[in-house]
>>> print(open('data.txt').read())   # compact mmCIF, C-alpha atoms and all ligand atoms
# COMPACT_ATOMS: atom_id res chain seq x y z
CA MET A 9 117.41 39.48 -82.41
CA LYS A 10 118.77 40.29 -78.94
CA ARG A 11 121.70 42.68 -78.89
CA TYR A 12 123.97 42.38 -75.83
CA ASP A 13 125.98 45.13 -74.25
CA THR A 14 128.99 42.78 -74.17
CA ILE A 15 129.92 39.35 -75.49
CA ILE A 16 132.86 37.63 -73.81
CA ALA A 17 134.61 34.82 -75.71
CA GLY A 18 136.01 32.51 -73.05
CA GLY A 19 134.82 31.21 -69.68
CA GLY A 20 138.06 30.84 -67.77
CA ILE A 21 138.76 32.94 -64.67
CA ILE A 22 139.39 36.05 -66.77
CA GLY A 23 136.15 35.86 -68.77
CA ALA A 24 134.16 34.78 -65.69
CA SER A 25 135.41 37.56 -63.40
CA LEU A 26 134.93 40.18 -66.12
CA ALA A 27 131.39 38.94 -66.81
CA PHE A 28 130.63 39.25 -63.09
CA GLU A 29 132.01 42.81 -62.87
CA LEU A 30 130.18 43.93 -66.02
CA ALA A 31 126.88 42.49 -64.80
CA ARG A 32 127.39 44.27 -61.47
CA MET A 33 127.58 47.45 -63.54
CA HIS A 34 124.21 46.54 -65.13
CA HIS A 35 125.60 45.40 -68.50
CA SER A 36 123.81 42.63 -70.33
CA VAL A 37 126.51 40.00 -70.88
CA LEU A 38 126.70 36.83 -72.96
CA LEU A 39 129.65 34.56 -72.17
CA LEU A 40 130.49 31.96 -74.82
CA ASP A 41 132.86 29.03 -74.38
CA ARG A 42 133.94 26.55 -77.04
CA GLN A 43 133.72 23.74 -74.45
CA GLU A 44 132.51 23.53 -70.85
CA PRO A 45 133.66 26.79 -69.21
CA ALA A 46 136.52 26.60 -66.68
CA ARG A 47 138.21 23.56 -68.23
CA GLU A 48 141.42 25.12 -69.60
CA ALA A 49 144.27 26.95 -67.83
CA SER A 50 141.98 28.03 -64.99
CA TRP A 51 141.25 24.38 -64.23
CA ALA A 52 144.94 23.43 -64.32
CA ALA A 53 146.40 26.20 -62.14
CA ALA A 54 148.07 25.67 -58.78
CA GLY A 55 146.31 28.54 -57.07
CA THR A 56 149.11 30.52 -55.46
CA ILE A 57 148.11 34.16 -55.27
CA SER A 58 151.55 35.62 -55.23
CA PRO A 59 152.22 39.29 -55.98
CA ALA A 60 155.96 39.00 -55.24
CA PRO A 61 157.93 39.46 -58.46
CA ASP A 62 158.56 36.34 -60.41
CA ARG A 63 162.13 35.15 -60.52
CA GLU A 64 162.34 36.00 -64.25
CA SER A 65 160.01 38.96 -64.76
CA SER A 66 158.78 41.89 -62.72
CA GLY A 67 156.64 43.58 -65.41
CA ILE A 68 153.39 42.74 -63.64
CA THR A 69 154.41 43.36 -60.04
CA ALA A 70 152.54 46.65 -59.52
CA PHE A 71 149.42 45.24 -61.18
CA GLY A 72 149.78 42.03 -59.17
CA CYS A 73 149.98 44.00 -55.91
CA GLU A 74 146.86 45.93 -56.89
CA SER A 75 145.01 42.70 -57.70
CA PHE A 76 146.13 41.15 -54.40
CA ARG A 77 144.74 44.22 -52.62
CA LEU A 78 141.42 43.79 -54.45
CA TYR A 79 141.16 40.05 -53.73
CA PRO A 80 139.30 40.06 -50.39
CA ALA A 81 136.56 42.34 -51.77
CA PHE A 82 136.29 40.25 -54.93
CA ILE A 83 135.94 37.06 -52.88
CA SER A 84 133.31 38.66 -50.62
CA ALA A 85 131.32 39.78 -53.68
CA ILE A 86 131.23 36.35 -55.36
CA GLU A 87 130.52 34.62 -52.06
CA ALA A 88 127.66 37.02 -51.34
CA ALA A 89 126.20 36.48 -54.83
CA THR A 90 126.28 32.68 -54.55
CA GLY A 91 126.26 31.76 -50.85
CA GLU A 92 129.22 29.48 -51.69
CA ALA A 93 132.71 29.60 -50.16
CA ALA A 94 135.44 30.49 -52.64
CA GLY A 95 138.21 29.25 -50.30
CA PHE A 96 140.73 32.12 -50.21
CA HIS A 97 143.50 31.66 -47.59
CA ALA A 98 145.94 34.48 -46.91
CA GLY A 99 148.73 32.87 -44.91
CA GLY A 100 152.10 33.82 -46.41
CA ALA A 101 154.72 31.70 -48.15
CA ILE A 102 158.12 30.21 -47.39
CA GLU A 103 160.96 30.13 -49.90
CA LEU A 104 163.69 27.54 -49.31
CA PHE A 105 167.26 27.68 -50.58
CA PHE A 106 169.34 24.50 -50.78
CA ASP A 107 172.36 25.35 -52.94
CA SER A 108 175.88 26.21 -51.75
CA ASP A 109 175.23 29.95 -52.30
CA ALA A 110 171.91 29.72 -50.41
CA GLU A 111 172.36 32.76 -48.18
CA ALA A 112 173.41 35.04 -51.03
CA ALA A 113 170.50 33.79 -53.18
CA ARG A 114 168.07 34.41 -50.30
CA ASP A 115 169.42 37.94 -49.77
CA ARG A 116 169.09 38.77 -53.48
CA ARG A 117 165.52 37.47 -53.50
CA CYS A 118 164.71 39.38 -50.30
CA SER A 119 165.93 42.67 -51.85
CA GLN A 120 163.99 42.01 -55.06
CA ILE A 121 160.75 41.54 -53.12
CA ARG A 122 161.32 44.52 -50.82
CA GLU A 123 162.14 46.76 -53.78
CA ALA A 124 158.68 45.89 -55.11
CA GLY A 125 157.24 47.29 -51.85
CA LEU A 126 156.32 43.91 -50.36
CA ASP A 127 157.36 42.37 -47.05
CA ALA A 128 160.04 39.70 -47.01
CA GLU A 129 162.01 38.52 -43.99
CA SER A 130 165.04 36.23 -43.70
CA ILE A 131 164.32 33.70 -40.97
CA SER A 132 166.36 30.88 -39.48
CA VAL A 133 165.63 27.28 -40.38
CA SER A 134 164.47 26.61 -36.81
CA GLU A 135 162.06 29.57 -36.98
CA ALA A 136 160.82 28.30 -40.36
CA LEU A 137 160.25 24.84 -38.82
CA ARG A 138 158.27 26.46 -36.04
CA ARG A 139 156.02 28.20 -38.58
CA GLU A 140 155.78 25.19 -40.94
CA PRO A 141 156.97 21.87 -39.45
CA ALA A 142 156.76 20.16 -42.88
CA ILE A 143 159.83 21.85 -44.35
CA ASN A 144 163.09 20.02 -44.94
CA PRO A 145 165.45 20.85 -42.03
CA SER A 146 168.42 20.60 -44.39
CA ALA A 147 167.43 23.85 -46.15
CA ARG A 148 170.39 26.23 -45.93
CA ALA A 149 168.48 29.51 -45.98
CA VAL A 150 164.83 30.56 -45.69
CA LEU A 151 162.76 33.57 -46.65
CA TRP A 152 159.31 34.40 -45.27
CA ILE A 153 156.92 36.34 -47.54
CA SER A 154 153.77 37.54 -45.81
CA ASP A 155 151.71 38.83 -48.78
CA GLU A 156 150.71 35.50 -50.32
CA ALA A 157 147.53 33.48 -50.41
CA TYR A 158 146.30 30.24 -51.85
CA LEU A 159 143.00 28.98 -53.22
CA ASP A 160 141.67 26.15 -55.37
CA PRO A 161 141.38 27.58 -58.91
CA ARG A 162 138.69 25.05 -59.89
CA VAL A 163 136.56 26.21 -56.98
CA LEU A 164 137.25 29.90 -57.58
CA THR A 165 136.36 29.74 -61.28
CA ARG A 166 133.20 27.73 -60.63
CA VAL A 167 132.04 30.12 -57.91
CA THR A 168 132.83 33.14 -60.11
CA LEU A 169 130.82 31.67 -63.00
CA ASN A 170 127.94 30.90 -60.64
CA ALA A 171 128.10 34.45 -59.27
CA ALA A 172 127.97 35.82 -62.81
CA LEU A 173 124.97 33.58 -63.62
CA ARG A 174 123.15 34.64 -60.45
CA ILE A 175 123.34 38.30 -61.41
CA GLY A 176 122.10 37.81 -64.94
CA VAL A 177 125.01 36.77 -67.17
CA GLU A 178 123.97 34.33 -69.92
CA ILE A 179 126.48 31.51 -70.31
CA ARG A 180 126.62 29.18 -73.31
CA ALA A 181 128.91 26.14 -73.37
CA ASN A 182 130.01 24.49 -76.63
CA ALA A 183 129.69 27.80 -78.48
CA GLU A 184 132.92 28.56 -80.26
CA VAL A 185 133.59 32.10 -81.39
CA ILE A 186 134.91 31.72 -84.93
CA SER A 187 135.38 35.35 -85.92
CA LEU A 188 134.47 38.92 -85.18
CA VAL A 189 131.72 40.68 -87.09
CA THR A 190 132.65 44.23 -88.01
CA THR A 191 130.43 46.83 -89.63
CA ASN A 192 131.86 50.15 -90.86
CA GLY A 193 135.06 49.55 -88.90
CA ARG A 194 133.19 48.88 -85.66
CA CYS A 195 133.00 45.53 -83.92
CA ASP A 196 129.35 44.59 -84.00
CA GLY A 197 129.35 41.07 -82.55
CA VAL A 198 130.70 37.62 -83.28
CA LEU A 199 130.13 34.63 -85.50
CA ALA A 200 129.76 31.62 -83.20
CA ALA A 201 129.50 27.95 -84.17
CA ASN A 202 126.64 26.40 -82.30
CA ALA A 203 126.95 23.01 -80.73
CA GLN A 204 124.57 21.21 -83.08
CA THR A 205 126.28 19.37 -85.87
CA ALA A 206 124.15 18.81 -88.95
CA ARG A 207 125.02 15.73 -90.98
CA ALA A 208 125.60 16.19 -94.67
CA GLY A 209 126.66 12.88 -96.16
CA ASP A 210 129.80 11.86 -94.26
CA LEU A 211 130.77 15.41 -93.47
CA GLY A 212 130.09 17.06 -90.16
CA VAL A 213 128.87 20.60 -90.90
CA ARG A 214 128.82 23.17 -88.16
CA THR A 215 126.30 25.93 -88.38
CA ALA A 216 127.30 29.41 -87.37
CA GLU A 217 125.23 32.16 -85.86
CA LYS A 218 125.81 35.89 -85.82
CA ILE A 219 125.32 37.32 -82.33
CA GLU A 220 125.22 41.10 -81.97
CA ALA A 221 126.77 43.18 -79.22
CA ASN A 222 128.06 46.68 -78.62
CA ASN A 223 131.33 45.29 -77.24
CA VAL A 224 133.25 42.06 -77.68
CA VAL A 225 135.99 40.88 -75.31
CA ILE A 226 138.39 38.15 -76.41
CA ALA A 227 139.27 36.23 -73.24
CA SER A 228 139.99 32.90 -74.89
CA GLY A 229 143.27 32.08 -73.16
CA TRP A 230 146.00 30.57 -75.32
CA ARG A 231 143.54 30.17 -78.22
CA SER A 232 142.72 33.89 -78.43
CA ASN A 233 144.81 34.24 -81.59
CA GLU A 234 142.58 31.70 -83.40
CA ILE A 235 139.59 34.04 -83.48
CA GLY A 236 139.29 35.54 -86.95
CA GLY A 237 139.92 39.28 -86.91
CA ALA A 238 141.46 39.38 -83.40
CA GLU A 239 144.89 37.85 -84.10
CA MET A 240 146.61 41.20 -84.60
CA TRP A 241 145.82 42.35 -81.05
CA ALA A 242 145.93 38.97 -79.35
CA PRO A 243 149.04 37.08 -80.51
CA SER A 244 148.63 34.48 -77.78
CA SER A 245 150.55 31.22 -77.47
CA ALA A 246 150.63 28.29 -75.04
CA VAL A 247 153.18 27.30 -72.41
CA ARG A 248 152.49 23.86 -70.98
CA GLY A 249 152.75 23.34 -67.25
CA GLN A 250 152.58 19.94 -65.58
CA MET A 251 151.23 19.38 -62.07
CA VAL A 252 150.99 16.67 -59.42
CA GLY A 253 148.27 16.29 -56.78
CA PHE A 254 149.23 14.54 -53.53
CA GLY A 255 146.60 13.01 -51.26
CA ARG A 256 146.56 13.60 -47.53
CA VAL A 257 149.56 12.41 -45.53
CA ALA A 258 150.77 13.15 -42.00
CA GLY A 259 153.30 15.99 -41.96
CA ALA A 260 152.22 17.60 -45.27
CA PRO A 261 152.69 21.38 -45.55
CA LYS A 262 149.87 23.82 -44.83
CA THR A 263 151.79 26.82 -46.16
CA ILE A 264 152.90 27.65 -49.72
CA LEU A 265 156.49 26.44 -50.16
CA ARG A 266 158.77 27.39 -53.02
CA CYS A 267 162.33 26.62 -54.09
CA GLU A 268 164.35 27.16 -57.22
CA HIS A 269 162.95 24.03 -58.89
CA GLY A 270 159.26 24.11 -57.96
CA TYR A 271 156.52 24.97 -55.51
CA LEU A 272 153.87 23.39 -53.30
CA ALA A 273 150.39 24.79 -52.72
CA PRO A 274 148.13 23.37 -50.00
CA ARG A 275 144.46 22.68 -50.47
CA GLU A 276 141.82 23.21 -47.80
CA ASP A 277 141.17 19.45 -47.42
CA GLY A 278 144.81 18.54 -46.69
CA ARG A 279 145.84 17.69 -50.27
CA VAL A 280 148.89 19.41 -51.70
CA VAL A 281 149.54 20.29 -55.35
CA ALA A 282 153.04 20.54 -56.75
CA GLY A 283 154.30 22.26 -59.89
CA SER A 284 155.45 22.82 -62.46
CA THR A 285 157.16 22.89 -65.83
CA LEU A 286 157.46 25.68 -68.41
CA GLU A 287 157.19 24.14 -71.90
CA PRO A 288 156.50 26.72 -74.60
CA GLY A 289 154.48 25.60 -77.61
CA VAL A 290 153.70 22.08 -76.32
CA LEU A 291 149.95 21.53 -76.74
CA ASP A 292 149.72 17.90 -75.56
CA LYS A 293 148.05 17.90 -72.13
CA ARG A 294 149.40 14.49 -71.10
CA PRO A 295 152.04 14.74 -68.36
CA THR A 296 155.48 13.26 -69.15
CA ALA A 297 157.93 11.23 -67.07
CA ARG A 298 160.55 13.99 -67.42
CA GLY A 299 158.14 16.68 -66.20
CA LEU A 300 156.79 14.64 -63.32
CA ARG A 301 160.28 13.55 -62.21
CA LYS A 302 161.31 17.19 -61.85
CA ILE A 303 158.16 18.03 -59.88
CA PHE A 304 158.46 15.01 -57.56
CA ALA A 305 162.11 15.78 -56.83
CA ALA A 306 161.41 19.41 -55.89
CA ALA A 307 158.33 18.46 -53.86
CA VAL A 308 160.16 15.90 -51.73
CA GLU A 309 163.16 18.17 -51.33
CA MET A 310 160.94 20.89 -49.87
CA ALA A 311 158.64 18.67 -47.80
CA PRO A 312 160.11 15.17 -47.19
CA ALA A 313 156.79 13.76 -45.86
CA LEU A 314 155.40 13.93 -49.39
CA ALA A 315 157.64 10.99 -50.33
CA ASP A 316 155.01 8.74 -48.70
CA ALA A 317 151.92 10.61 -49.87
CA PRO A 318 149.62 8.94 -52.40
CA VAL A 319 149.71 10.57 -55.83
CA VAL A 320 146.04 11.18 -56.56
CA GLU A 321 146.25 13.17 -59.77
CA THR A 322 148.68 14.33 -62.43
CA TRP A 323 147.71 16.81 -65.15
CA ALA A 324 148.98 19.47 -67.50
CA GLY A 325 147.51 22.80 -68.59
CA LEU A 326 148.30 25.44 -71.18
CA ARG A 327 149.13 28.91 -69.89
CA PRO A 328 148.14 31.79 -72.16
CA ASP A 329 151.38 33.61 -73.02
CA SER A 330 152.13 36.69 -75.13
CA PRO A 331 155.27 37.65 -77.08
CA ASP A 332 156.64 39.77 -74.18
CA HIS A 333 155.14 37.50 -71.46
CA LEU A 334 152.92 40.36 -70.22
CA PRO A 335 149.12 40.29 -70.20
CA ILE A 336 147.19 41.84 -73.09
CA ILE A 337 144.34 43.88 -71.62
CA GLY A 338 142.41 46.79 -73.06
CA SER A 339 140.76 48.19 -76.14
CA THR A 340 142.00 47.80 -79.69
CA ASP A 341 141.76 50.33 -82.50
CA ILE A 342 138.57 48.63 -83.69
CA GLN A 343 135.79 50.36 -81.77
CA GLY A 344 134.02 47.93 -79.44
CA LEU A 345 136.75 45.28 -79.51
CA PHE A 346 138.63 44.52 -76.28
CA ILE A 347 141.23 41.89 -75.38
CA ALA A 348 141.88 40.19 -72.01
CA THR A 349 144.42 37.41 -72.37
CA GLY A 350 148.13 36.60 -71.98
CA HIS A 351 147.99 36.31 -68.19
CA TYR A 352 150.57 33.55 -68.48
CA ARG A 353 151.59 32.30 -65.01
CA ASN A 354 149.45 34.78 -63.06
CA GLY A 355 145.87 34.73 -64.27
CA MET A 356 144.49 33.68 -60.89
CA LEU A 357 146.34 36.51 -59.18
CA LEU A 358 145.43 39.08 -61.82
CA ALA A 359 141.73 38.26 -62.29
CA PRO A 360 140.22 40.79 -59.82
CA ALA A 361 142.22 43.74 -61.18
CA THR A 362 141.75 42.72 -64.82
CA ALA A 363 138.00 42.40 -64.31
CA LYS A 364 137.57 45.64 -62.36
CA TYR A 365 139.62 47.92 -64.58
CA LEU A 366 138.54 46.43 -67.90
CA ALA A 367 134.88 46.60 -66.83
CA GLU A 368 135.32 50.29 -65.92
CA TRP A 369 136.95 50.88 -69.29
CA ILE A 370 134.10 49.20 -71.18
CA VAL A 371 131.23 50.73 -69.19
CA ASP A 372 132.51 54.16 -68.13
CA GLU A 373 135.28 54.63 -70.69
CA THR A 374 137.70 55.37 -67.84
CA VAL A 375 141.16 54.01 -68.56
CA SER A 376 143.11 53.03 -65.47
CA LYS A 377 146.83 53.70 -65.32
CA HIS A 378 147.13 50.11 -64.09
CA LEU A 379 146.31 48.85 -67.59
CA GLU A 380 148.64 51.16 -69.53
CA PRO A 381 151.56 48.66 -69.79
CA PHE A 382 149.30 45.96 -71.21
CA SER A 383 147.72 47.65 -74.23
CA PRO A 384 146.84 45.33 -77.14
CA LEU A 385 148.03 48.10 -79.46
CA ARG A 386 151.68 47.27 -78.70
CA PHE A 387 151.45 44.19 -80.92
CA ALA A 388 149.14 45.57 -83.59
CA ALA A 389 151.60 48.36 -84.44
CA ALA A 390 154.37 45.84 -85.01
CA GLN A 391 152.22 43.57 -87.17
CA ARG A 392 150.69 46.19 -89.44
CA LYS A 393 152.44 45.83 -92.80
CA PRO A 394 153.62 49.06 -94.42
CA ILE A 395 151.41 49.92 -97.41
CA ALA A 396 153.37 49.29 -100.61
CA SER A 397 153.85 52.50 -102.53
CA GLU A 398 153.04 52.46 -106.23
CA GLU A 399 155.97 53.30 -108.48
C1 LIG B 1 150.08 24.36 -64.53
C2 LIG B 1 149.61 25.78 -64.30
C3 LIG B 1 149.77 26.36 -63.05
C4 LIG B 1 149.34 27.67 -62.83
N1 LIG B 1 149.41 28.19 -61.59
C5 LIG B 1 148.97 29.46 -61.36
C6 LIG B 1 148.98 30.00 -60.04
O1 LIG B 1 149.35 29.30 -59.08
N2 LIG B 1 148.59 31.28 -59.86
C7 LIG B 1 148.15 32.06 -60.91
O2 LIG B 1 147.83 33.23 -60.67
N3 LIG B 1 148.09 31.55 -62.15
C8 LIG B 1 148.48 30.28 -62.41
N4 LIG B 1 148.45 29.76 -63.66
C9 LIG B 1 148.04 30.63 -64.77
C10 LIG B 1 146.53 30.73 -64.86
O3 LIG B 1 145.97 29.43 -64.80
C11 LIG B 1 146.13 31.40 -66.17
O4 LIG B 1 146.84 32.60 -66.36
C12 LIG B 1 144.63 31.70 -66.17
O5 LIG B 1 143.91 30.53 -65.86
C13 LIG B 1 144.18 32.25 -67.50
O6 LIG B 1 142.80 32.38 -67.47
P1 LIG B 1 142.00 32.66 -68.81
O7 LIG B 1 140.58 32.82 -68.45
O8 LIG B 1 142.68 33.77 -69.57
O9 LIG B 1 142.25 31.36 -69.71
P2 LIG B 1 141.60 29.92 -69.65
O10 LIG B 1 141.37 29.46 -68.28
O11 LIG B 1 142.44 29.08 -70.54
O12 LIG B 1 140.18 30.12 -70.29
C14 LIG B 1 140.01 30.43 -71.65
C15 LIG B 1 138.64 29.91 -72.06
O13 LIG B 1 138.39 30.31 -73.40
C16 LIG B 1 137.73 29.25 -74.06
N5 LIG B 1 137.92 29.45 -75.51
C17 LIG B 1 139.05 29.26 -76.23
N6 LIG B 1 138.82 29.57 -77.53
C18 LIG B 1 137.53 29.96 -77.60
C19 LIG B 1 136.68 30.40 -78.67
N7 LIG B 1 137.14 30.50 -79.93
N8 LIG B 1 135.40 30.70 -78.40
C20 LIG B 1 134.90 30.59 -77.13
N9 LIG B 1 135.65 30.18 -76.09
C21 LIG B 1 136.95 29.88 -76.32
C22 LIG B 1 138.40 28.01 -73.50
O14 LIG B 1 137.59 26.87 -73.70
C23 LIG B 1 138.57 28.39 -72.04
O15 LIG B 1 137.46 27.98 -71.25
C24 LIG B 1 148.82 28.43 -63.91
C25 LIG B 1 148.62 27.84 -65.16
C26 LIG B 1 149.01 26.51 -65.35
C27 LIG B 1 148.76 25.86 -66.69
>>> encode(input="data.txt", output="structure tokens")
Amino acid sequence: MKRYDTIIAGGGIIGASLAFELARMHHSVLLLDRQEPAREASWAAAGTISPAPDRESSGITAFGCESFRLYPAFISAIEAATGEAAGFHAGGAIELFFDSDAEAARDRRCSQIREAGLDAESISVSEALRREPAINPSARAVLWISDEAYLDPRVLTRVTLNAALRIGVEIRANAEVISLVTTNGRCDGVLAANAQTARAGDLGVRTAEKIEANNVVIASGWRSNEIGGAEMWAPSSAVRGQMVGFGRVAGAPKTILRCEHGYLAPREDGRVVAGSTLEPGVLDKRPTARGLRKIFAAAVEMAPALADAPVVETWAGLRPDSPDHLPIIGSTDIQGLFIATGHYRNGMLLAPATAKYLAEWIVDETVSKHLEPFSPLRFAAAQRKPIASEE
């Protein structure tokens, strides 16, 4: 039976980029996905590559800046491996402020971004209109952020998977990792349900196969906590986000736009996607009237021309969250078991740095300081029950 250097459970952008990096370091890699790869959060994302601190949380800012720095080289590597364009556009972003305290809100946001070491500049509405004629001239204050890029996450994930395939990664769709296999306290592989369903009377019976590897990485997005034996280190959960896709219309924005209630991300072909909602624990991927109403309102407020754009798609995806909303990346205290999940709202941004530093950890056993805040051990310690003492 073949024994792999590394098995990765999950073929979203995190599993795909890690598989590519590991294969570049001459690891034999098997990537398993319970469905077609690249059909979960990485399919649903907007595709803003935005290292500026989030309005709520700044715990990933340094890591986000590092990943942003790594992006051009990552894109060049996957494009060289495949001959396909990954569609990365570094063109900055505009934040718009409409409320009565707009100028104060802009100044607070500007300081927050500059404190993180990134460039932000207050600009007049007329200057903003010069840079992006699609914006609403009734904005009361505007901020320009230069370190931002956009891409199409469906394209990026597909090209990354193709790049991984081209350099020797084995990819199996419809192969669900059910549990870890551990031998003498060491992770020795996985038990995976294969796609064939044998019929036994009226019952569908799935057959499971043990696949051996020296290392296993759980990169299964919001479902990571369902894999038997990994829950303690990967207490993932889902946060639904709804999205709208607008077809081409004259006067649509070509720059990322953001306001307090939503954002717009352009696509190469003139479409624009708008997001989003934050709905913890909702697993239904059908968009709702309430969610879409919020997105439409913010989209038209930022870029009035979108009021006449055809709506070509609406969808929802499930972001992989963690209890402290930070990623979970690194080794566990089971030898050979690694976790890469919980990238929440920033998995597209964080993929190059996650892949590079986790691959170095797995192959060279070098632990980057960039990964220190994200150790899976922070949850395991809390979950371990104290051993009852015998009276
Ligand atoms: C609406 C929305 C907008 C977003 N916008 C952005 C954005 O603009 N910028 C940004 O940086 N991020 C964004 N994100 C976040 C980003 O999409 C995620 O953080 C990222 O896609 C996570 O990638 P992943 O590979 O960890 O998970 P996923 O893409 O969910 O992939 C996990 C994979 O694991 C597979 N899997 C699950 N269980 C198993 C199992 N037991 N065995 C085998 N395979 C399994 C799944 O089928 C799936 O293919 C957005 C997310 C959403 C939902």
>>> residues_near_point(input="data.txt", point="(138.1, 32.8, -76.8)", cutoff="10 Å", atoms="all atoms listed in the file", output="compact mmCIF listing (two decimals) with C-alpha atoms, in the coordinates of the input")
# COMPACT_ATOMS: atom_id res chain seq x y z
CA ILE A 16 132.86 37.63 -73.81
CA ALA A 17 134.61 34.82 -75.71
CA GLY A 18 136.01 32.51 -73.05
CA GLY A 19 134.82 31.21 -69.68
CA GLY A 20 138.06 30.84 -67.77
CA GLY A 23 136.15 35.86 -68.77
CA LEU A 39 129.65 34.56 -72.17
CA LEU A 40 130.49 31.96 -74.82
CA ASP A 41 132.86 29.03 -74.38
CA ARG A 42 133.94 26.55 -77.04
CA ALA A 183 129.69 27.80 -78.48
CA GLU A 184 132.92 28.56 -80.26
CA VAL A 185 133.59 32.10 -81.39
CA ILE A 186 134.91 31.72 -84.93
CA SER A 187 135.38 35.35 -85.92
CA VAL A 225 135.99 40.88 -75.31
CA ILE A 226 138.39 38.15 -76.41
CA ALA A 227 139.27 36.23 -73.24
CA SER A 228 139.99 32.90 -74.89
CA GLY A 229 143.27 32.08 -73.16
CA TRP A 230 146.00 30.57 -75.32
CA ARG A 231 143.54 30.17 -78.22
CA SER A 232 142.72 33.89 -78.43
CA ASN A 233 144.81 34.24 -81.59
CA GLU A 234 142.58 31.70 -83.40
CA ILE A 235 139.59 34.04 -83.48
CA ALA A 238 141.46 39.38 -83.40
CA ILE A 347 141.23 41.89 -75.38
CA ALA A 348 141.88 40.19 -72.01
CA THR A 349 144.42 37.41 -72.37
>>> residues_around(input="data.txt", residues="A:Arg114", least_positions_apart="5", cutoff="12 Å", atoms="all atoms listed in the file", output="VMD selection string")
chain A and resid 63 102 to 109 119 to 121 128 to 132 147 to 153 266 to 268
>>> write_last_selection(input="data.txt", atoms="C-alpha atoms", output="mmCIF file, keeping the file's coordinate frame")
data_model
loop_
_atom_site.group_PDB
_atom_site.id
_atom_site.type_symbol
_atom_site.label_atom_id
_atom_site.label_comp_id
_atom_site.auth_asym_id
_atom_site.auth_seq_id
_atom_site.Cartn_x
_atom_site.Cartn_y
_atom_site.Cartn_z
ATOM 1 C CA ARG A 63 162.130 35.150 -60.520
ATOM 2 C CA ILE A 102 158.120 30.210 -47.390
ATOM 3 C CA GLU A 103 160.960 30.130 -49.900
ATOM 4 C CA LEU A 104 163.690 27.540 -49.310
ATOM 5 C CA PHE A 105 167.260 27.680 -50.580
ATOM 6 C CA PHE A 106 169.340 24.500 -50.780
ATOM 7 C CA ASP A 107 172.360 25.350 -52.940
ATOM 8 C CA SER A 108 175.880 26.210 -51.750
ATOM 9 C CA ASP A 109 175.230 29.950 -52.300
ATOM 10 C CA SER A 119 165.930 42.670 -51.850
ATOM 11 C CA GLN A 120 163.990 42.010 -55.060
ATOM 12 C CA ILE A 121 160.750 41.540 -53.120
ATOM 13 C CA ALA A 128 160.040 39.700 -47.010
ATOM 14 C CA GLU A 129 162.010 38.520 -43.990
ATOM 15 C CA SER A 130 165.040 36.230 -43.700
ATOM 16 C CA ILE A 131 164.320 33.700 -40.970
ATOM 17 C CA SER A 132 166.360 30.880 -39.480
ATOM 18 C CA ALA A 147 167.430 23.850 -46.150
ATOM 19 C CA ARG A 148 170.390 26.230 -45.930
ATOM 20 C CA ALA A 149 168.480 29.510 -45.980
ATOM 21 C CA VAL A 150 164.830 30.560 -45.690
ATOM 22 C CA LEU A 151 162.760 33.570 -46.650
ATOM 23 C CA TRP A 152 159.310 34.400 -45.270
ATOM 24 C CA ILE A 153 156.920 36.340 -47.540
ATOM 25 C CA ARG A 266 158.770 27.390 -53.020
ATOM 26 C CA CYS A 267 162.330 26.620 -54.090
ATOM 27 C CA GLU A 268 164.350 27.160 -57.220
#
>>> residues_around(input="data.txt", residues="A:Gly355", least_positions_apart="5", cutoff="12 Å", atoms="all atoms listed in the file", output="PyMOL selection string")
chain A and resi 20-25+48-59+68+71-72+75-76+161+164-165+227+229-230+326-329+334-337+348-350+360-363
>>> atom_distance(input="data.txt", atom1="atom CA of A:Arg138", atom2="atom CA of A:Asp316")
22.0 Å
>>> residues_around(input="data.txt", residues="A:Ala317", least_positions_apart="2", cutoff="7 Å", atoms="all atoms listed in the file", output="ChimeraX atom specification")
/A:254-257,314-315,319
>>> residues_near_point(input="data.txt", point="(127.0, 41.1, -81.0)", cutoff="6 Å", atoms="all atoms listed in the file", output="PyMOL selection string")
chain A and resi 11+196-198+219-221
>>> write_last_selection(input="data.txt", atoms="C-alpha atoms", output="short mmCIF file (atom, residue, chain, number, x, y, z; two decimals), in the coordinates of the input")
data_model
loop_
_atom_site.label_atom_id
_atom_site.label_comp_id
_atom_site.auth_asym_id
_atom_site.auth_seq_id
_atom_site.Cartn_x
_atom_site.Cartn_y
_atom_site.Cartn_z
CA ARG A 11 121.70 42.68 -78.89
CA ASP A 196 129.35 44.59 -84.00
CA GLY A 197 129.35 41.07 -82.55
CA VAL A 198 130.70 37.62 -83.28
CA ILE A 219 125.32 37.32 -82.33
CA GLU A 220 125.22 41.10 -81.97
CA ALA A 221 126.77 43.18 -79.22
#
>>> atom_distance(input="data.txt", atom1="atom CA of A:Lys218", atom2="atom CA of A:Leu199")
4.5 Å
>>> atom_distance(input="data.txt", atom1="atom O3 of ligand LIG 1 (chain B)", atom2="atom CA of A:Arg248")
10.6 Å
>>> residues_around(input="data.txt", residues="A:Arg301", least_positions_apart="3", cutoff="12 Å", atoms="only C-alpha atoms", output="list in words")
Gln250, Met251, Val252, His269, Gly270, Ala282, Gly283, Ser284, Thr285, Pro295, Thr296, Ala297, Arg298, Phe304, Ala305, Ala306, Ala307, Val308 and Thr322 of chain A
>>> residues_around(input="data.txt", residues="A:His34", least_positions_apart="2", cutoff="12 Å", atoms="all atoms listed in the file", output="VMD selection string")
chain A and resid 12 to 14 27 to 32 36 to 37 172 175 to 177 367 to 368 370 to 372
>>> closest_residue(input="data.txt", among="A:Glu44, A:Asp332, A:Glu287, A:Glu74", to="ligand LIG 1 (chain B)", atoms="only C-alpha atoms and all ligand atoms")
A:Glu44
